[in-house]
Structure formats: structure tokens, C-alpha cells
Amino acid sequence: NAGVTQTPKFRVLKTGQSMTLLCAQDMNHEYMYWYRQDPGMGLRLIHYSVGEGTTAKGEVPDGYNVSRLKKQNFLLGLESAAPSQTSVYFCASSYPQNEQFFGPGTRLTVL
Amino acid sequence: QKEVEQDPGPLSVPEGAIVSLNCTYSNSAFQYFMWYRQYSRKGPELLMYTYSSGNKEDGRFTAQVDKSSKYISLFIRDSQPSDSATYLCAMSAGYGGATNKLIFGTGTLLAVQP
């Protein structure tokens with residue numbers, strides 16, 4: 001099993017550009033999450049999903065959109081990137097329990 | 001005040017030392033407590049998971065929860081250079097469900113010197 005995978009691993013954007021981050025899991029987990037990690041701020045929840053076709057806002061949702069069209073995939077979109085969105089983005093998945101399994105991360109720089 | 005407080009370190013110890021990592025929290029509803037280990041440029045991986053108060057041991061690792069003091073600890077015995085990583089505490093009020101989200105500490109950077 002690959003577990004949780006994320007693409008791309010690195011990306012550099014210019015302000016105003018858009019992009020989509022893809023998360024895939026092969027553990028048949030119901031729940032999926034997107035976090036961002038910034039120095040001194042820890043992991044902050046952006047959006048999450050409790051099942052295919054459902055999404056909900058987390059702690060810092062502004063400037064991001066998500067979709068969960070398939071159970072195994074969770075997409076994070078930035079419509080108009082801003083320098084404040086420079087961060088490391090982690091996807092995680094879980095059964096309806098609290099043990100979350102994380103992907104390797106995507107390093108995004110917005111110039 | 002943050003819900004979960006964790007000293008960022010860095011904490012530097014010699015190989016073989018006993019390491020103590022700690023978190024304090026303010027929400028008395030928290031009852032599920034986790035420790036994640038994160039190597040540089042990698043995703044967090046679950047290390048220990050405990051419910052309510054008490055101790056849990058797994059090899060060289062022991063997790064302690066003191067709910068009366070709102071304080072949790074992770075002890076690492078016979079520390080190894082391979083233990084060098086950032087350790088994140090995480091906790092939640094419930095078990096599963098859309099509203100029982102994990103709250104993370106900011107992480108403590110540990111360096112074990114050979």
C-alpha cells in the first residue's frame with residue numbers, strides 16, 4: 001500500500017496564479033483532511049471531508065477550495081495565490097477515528 | 001492563549017539520554033492524546049495514542065497523560081540519533097466524527113547527538 005500520496009511535491013507560483021494539489025489514499029478511509037504547516041504555527045486545518053461528495057471548512061479556509069468527487073481523492077485548489085499561502089501543505093486521512101495518516105507534503109512558494 | 005502549548009526547543013541531548021517532551025492544554029474536554037514524529041521534510045507519523053489519563057508504553061517510548069494538570073508527556077529511553085525529529089502532540093475531545101478534530105501543538109525539535 002502506498003498510503004497517502006500527494007502531488008506535486010514542490011511548486012512555485014506567481015501571485016494571482018491558480019493551482020490544484022492532489023491527495024490520494026489507498027486505505028479506504030472515509031475522512032480526509034488538508035492542513036498547512038508554518039513555522040511557529042503548527043498544523044492548521046484548512047478543509048476536511050467526512051465522505052465522498054462532502055466537504056467542510058476547518059480553521060483557515062479562506063482562499064482555498066476543495067472537492068471530494070471520489071472516496072480516494074481529495075483536491076485542494078488555490079484560485080488566486082497570495083504570498084501568505086506560501087507554506088507546506090499536508091493531506092491526511094483516517095477512518096471515523098482520530099488516528100490520522102499523513103502524506104509527504106507539498107512545498108508551495110508564492111512569489 | 002493557544003489551546004495546546006508546546007515548547008519548540010530545540011532540545012539537544014547526548015545519545016543514550018532519557019528525553020522528556022511535554023505539552024499543556026487548556027480544554028478540559030480533551031480526552032484523546034497523540035504524539036506524532038516528523039522527520040525533516042517528511043509528513044508526521046503517529047507514534048503513540050492514549051485515551052484519558054495514565055501511561056502507555058511501546059518499546060523505548062512512554063506516553064503519560066495527567067488530566068488533572070492538563071499535561072501530557074512523551075518519554076524516550078536510550079535515545080538514538082535516529083530519534084532526531086520534531087515531535088508534535090495532538091489531542092481531541094471525542095473519538096471520531098466530523099466535530100472531533102485534532103488540535104496540534106507546534107512541535108518540539110529534538111536532536112540526539114552521537
# chains A, B, ... in the order shown; residues from 1 in each chain; ligands from 1
>>> interface_residues(of="chain B", to="chain A", cutoff="9 Å", atoms="only C-alpha atoms", output="ChimeraX atom specification")
/B:8,32,34,41-46,49,88,91-92,94-98,100-107
>>> write_last_selection(atoms="N, CA and C atoms", output="PDB file, in the first residue's frame")
ATOM      1  N   PRO B   8       8.978  24.818  21.717  1.00  0.00           N
ATOM      2  CA  PRO B   8       9.522  24.499  20.392  1.00  0.00           C
ATOM      3  C   PRO B   8      10.945  23.959  20.400  1.00  0.00           C
ATOM      4  N   TYR B  32      -8.499  12.378  24.153  1.00  0.00           N
ATOM      5  CA  TYR B  32      -7.701  11.534  23.272  1.00  0.00           C
ATOM      6  C   TYR B  32      -6.416  12.287  22.957  1.00  0.00           C
ATOM      7  N   MET B  34      -2.349  12.178  21.352  1.00  0.00           N
ATOM      8  CA  MET B  34      -1.450  11.525  20.417  1.00  0.00           C
ATOM      9  C   MET B  34      -0.103  12.218  20.365  1.00  0.00           C
ATOM     10  N   ARG B  41      11.440  17.488   6.461  1.00  0.00           N
ATOM     11  CA  ARG B  41      10.891  17.430   5.093  1.00  0.00           C
ATOM     12  C   ARG B  41      10.050  16.168   4.847  1.00  0.00           C
ATOM     13  N   LYS B  42       9.451  15.632   5.916  1.00  0.00           N
ATOM     14  CA  LYS B  42       8.558  14.491   5.784  1.00  0.00           C
ATOM     15  C   LYS B  42       7.221  14.809   6.435  1.00  0.00           C
ATOM     16  N   GLY B  43       6.233  13.955   6.223  1.00  0.00           N
ATOM     17  CA  GLY B  43       4.958  14.112   6.888  1.00  0.00           C
ATOM     18  C   GLY B  43       4.988  13.536   8.293  1.00  0.00           C
ATOM     19  N   PRO B  44       4.110  14.007   9.181  1.00  0.00           N
ATOM     20  CA  PRO B  44       4.037  13.437  10.535  1.00  0.00           C
ATOM     21  C   PRO B  44       3.594  11.978  10.500  1.00  0.00           C
ATOM     22  N   GLU B  45       4.147  11.175  11.413  1.00  0.00           N
ATOM     23  CA  GLU B  45       3.746   9.782  11.546  1.00  0.00           C
ATOM     24  C   GLU B  45       3.337   9.534  12.992  1.00  0.00           C
ATOM     25  N   LEU B  46       2.257   8.788  13.176  1.00  0.00           N
ATOM     26  CA  LEU B  46       1.737   8.534  14.517  1.00  0.00           C
ATOM     27  C   LEU B  46       2.694   7.647  15.296  1.00  0.00           C
ATOM     28  N   TYR B  49      -0.631   6.740  21.005  1.00  0.00           N
ATOM     29  CA  TYR B  49      -2.037   7.142  21.101  1.00  0.00           C
ATOM     30  C   TYR B  49      -2.562   6.698  22.466  1.00  0.00           C
ATOM     31  N   LEU B  88       5.319  16.226  17.665  1.00  0.00           N
ATOM     32  CA  LEU B  88       4.088  17.003  17.752  1.00  0.00           C
ATOM     33  C   LEU B  88       3.108  16.294  18.673  1.00  0.00           C
ATOM     34  N   MET B  91      -4.410  16.402  20.176  1.00  0.00           N
ATOM     35  CA  MET B  91      -5.467  15.941  21.078  1.00  0.00           C
ATOM     36  C   MET B  91      -6.840  16.331  20.561  1.00  0.00           C
ATOM     37  N   SER B  92      -7.848  15.612  21.042  1.00  0.00           N
ATOM     38  CA  SER B  92      -9.211  15.936  20.656  1.00  0.00           C
ATOM     39  C   SER B  92     -10.157  15.569  21.788  1.00  0.00           C
ATOM     40  N   GLY B  94     -13.204  14.098  21.292  1.00  0.00           N
ATOM     41  CA  GLY B  94     -14.024  12.930  21.050  1.00  0.00           C
ATOM     42  C   GLY B  94     -13.305  11.902  20.219  1.00  0.00           C
ATOM     43  N   TYR B  95     -13.982  10.804  19.946  1.00  0.00           N
ATOM     44  CA  TYR B  95     -13.393   9.725  19.162  1.00  0.00           C
ATOM     45  C   TYR B  95     -14.175   9.640  17.857  1.00  0.00           C
ATOM     46  N   GLY B  96     -13.601  10.209  16.807  1.00  0.00           N
ATOM     47  CA  GLY B  96     -14.258  10.161  15.514  1.00  0.00           C
ATOM     48  C   GLY B  96     -15.328  11.223  15.373  1.00  0.00           C
ATOM     49  N   GLY B  97     -15.926  11.266  14.207  1.00  0.00           N
ATOM     50  CA  GLY B  97     -16.974  12.252  13.985  1.00  0.00           C
ATOM     51  C   GLY B  97     -16.423  13.536  13.409  1.00  0.00           C
ATOM     52  N   ALA B  98     -17.246  14.230  12.705  1.00  0.00           N
ATOM     53  CA  ALA B  98     -16.793  15.421  11.995  1.00  0.00           C
ATOM     54  C   ALA B  98     -16.377  16.541  12.927  1.00  0.00           C
ATOM     55  N   ASN B 100     -14.896  16.211  15.908  1.00  0.00           N
ATOM     56  CA  ASN B 100     -13.807  15.871  16.824  1.00  0.00           C
ATOM     57  C   ASN B 100     -12.467  16.007  16.127  1.00  0.00           C
ATOM     58  N   LYS B 101     -12.156  17.226  15.758  1.00  0.00           N
ATOM     59  CA  LYS B 101     -10.925  17.464  15.027  1.00  0.00           C
ATOM     60  C   LYS B 101      -9.730  17.482  15.964  1.00  0.00           C
ATOM     61  N   LEU B 102      -8.566  17.130  15.417  1.00  0.00           N
ATOM     62  CA  LEU B 102      -7.340  17.147  16.194  1.00  0.00           C
ATOM     63  C   LEU B 102      -6.818  18.569  16.324  1.00  0.00           C
ATOM     64  N   ILE B 103      -6.349  18.906  17.521  1.00  0.00           N
ATOM     65  CA  ILE B 103      -5.649  20.162  17.763  1.00  0.00           C
ATOM     66  C   ILE B 103      -4.182  19.813  18.024  1.00  0.00           C
ATOM     67  N   PHE B 104      -3.297  20.423  17.251  1.00  0.00           N
ATOM     68  CA  PHE B 104      -1.880  20.088  17.324  1.00  0.00           C
ATOM     69  C   PHE B 104      -1.106  21.135  18.102  1.00  0.00           C
ATOM     70  N   GLY B 105      -0.055  20.688  18.820  1.00  0.00           N
ATOM     71  CA  GLY B 105       0.951  21.597  19.326  1.00  0.00           C
ATOM     72  C   GLY B 105       1.868  22.005  18.178  1.00  0.00           C
ATOM     73  N   THR B 106       2.726  22.982  18.442  1.00  0.00           N
ATOM     74  CA  THR B 106       3.595  23.495  17.384  1.00  0.00           C
ATOM     75  C   THR B 106       4.814  22.611  17.154  1.00  0.00           C
ATOM     76  N   GLY B 107       5.055  21.655  18.050  1.00  0.00           N
ATOM     77  CA  GLY B 107       6.160  20.720  17.864  1.00  0.00           C
ATOM     78  C   GLY B 107       7.415  21.114  18.625  1.00  0.00           C
TER      79      GLY B 107
END
>>> select_by_dssp(residues="chain A", states="strand (DSSP E)", output="PyMOL selection string")
chain A and resi 4-7+10-13+19-25+31-38+42-49+56-57+64-67+73-78+87-94+101-102+106-110
>>> residues_around(residues="Lys56 (chain B)", least_positions_apart="2", cutoff="12 Å", atoms="only C-alpha atoms", output="MDAnalysis selection string")
chainID B and resid 33:35 47:54 58:65 72:75
>>> residues_around(residues="Ser82 (chain B)", least_positions_apart="4", cutoff="10 Å", atoms="only C-alpha atoms", output="list in words")
Glu15, Tyr39, Ala111, Val112, Gln113 and Pro114 of chain B
>>> write_last_selection(atoms="N, CA and C atoms", output="tab-separated table (two decimals), in the first residue's frame")
chain	number	residue	atom	x	y	z
B	15	GLU	N	23.44	10.87	23.00
B	15	GLU	CA	22.92	9.53	22.75
B	15	GLU	C	22.84	8.75	24.05
B	39	TYR	N	10.05	13.73	10.75
B	39	TYR	CA	11.41	13.94	10.30
B	39	TYR	C	11.44	15.11	9.34
B	111	ALA	N	17.22	16.93	18.95
B	111	ALA	CA	18.47	16.50	18.31
B	111	ALA	C	19.21	15.60	19.30
B	112	VAL	N	19.48	14.36	18.89
B	112	VAL	CA	20.23	13.42	19.71
B	112	VAL	C	21.64	13.32	19.13
B	113	GLN	N	22.60	13.76	19.92
B	113	GLN	CA	23.98	13.83	19.45
B	113	GLN	C	24.71	12.50	19.68
B	114	PRO	N	25.36	11.97	18.63
B	114	PRO	CA	26.08	10.69	18.80
B	114	PRO	C	27.34	10.85	19.64
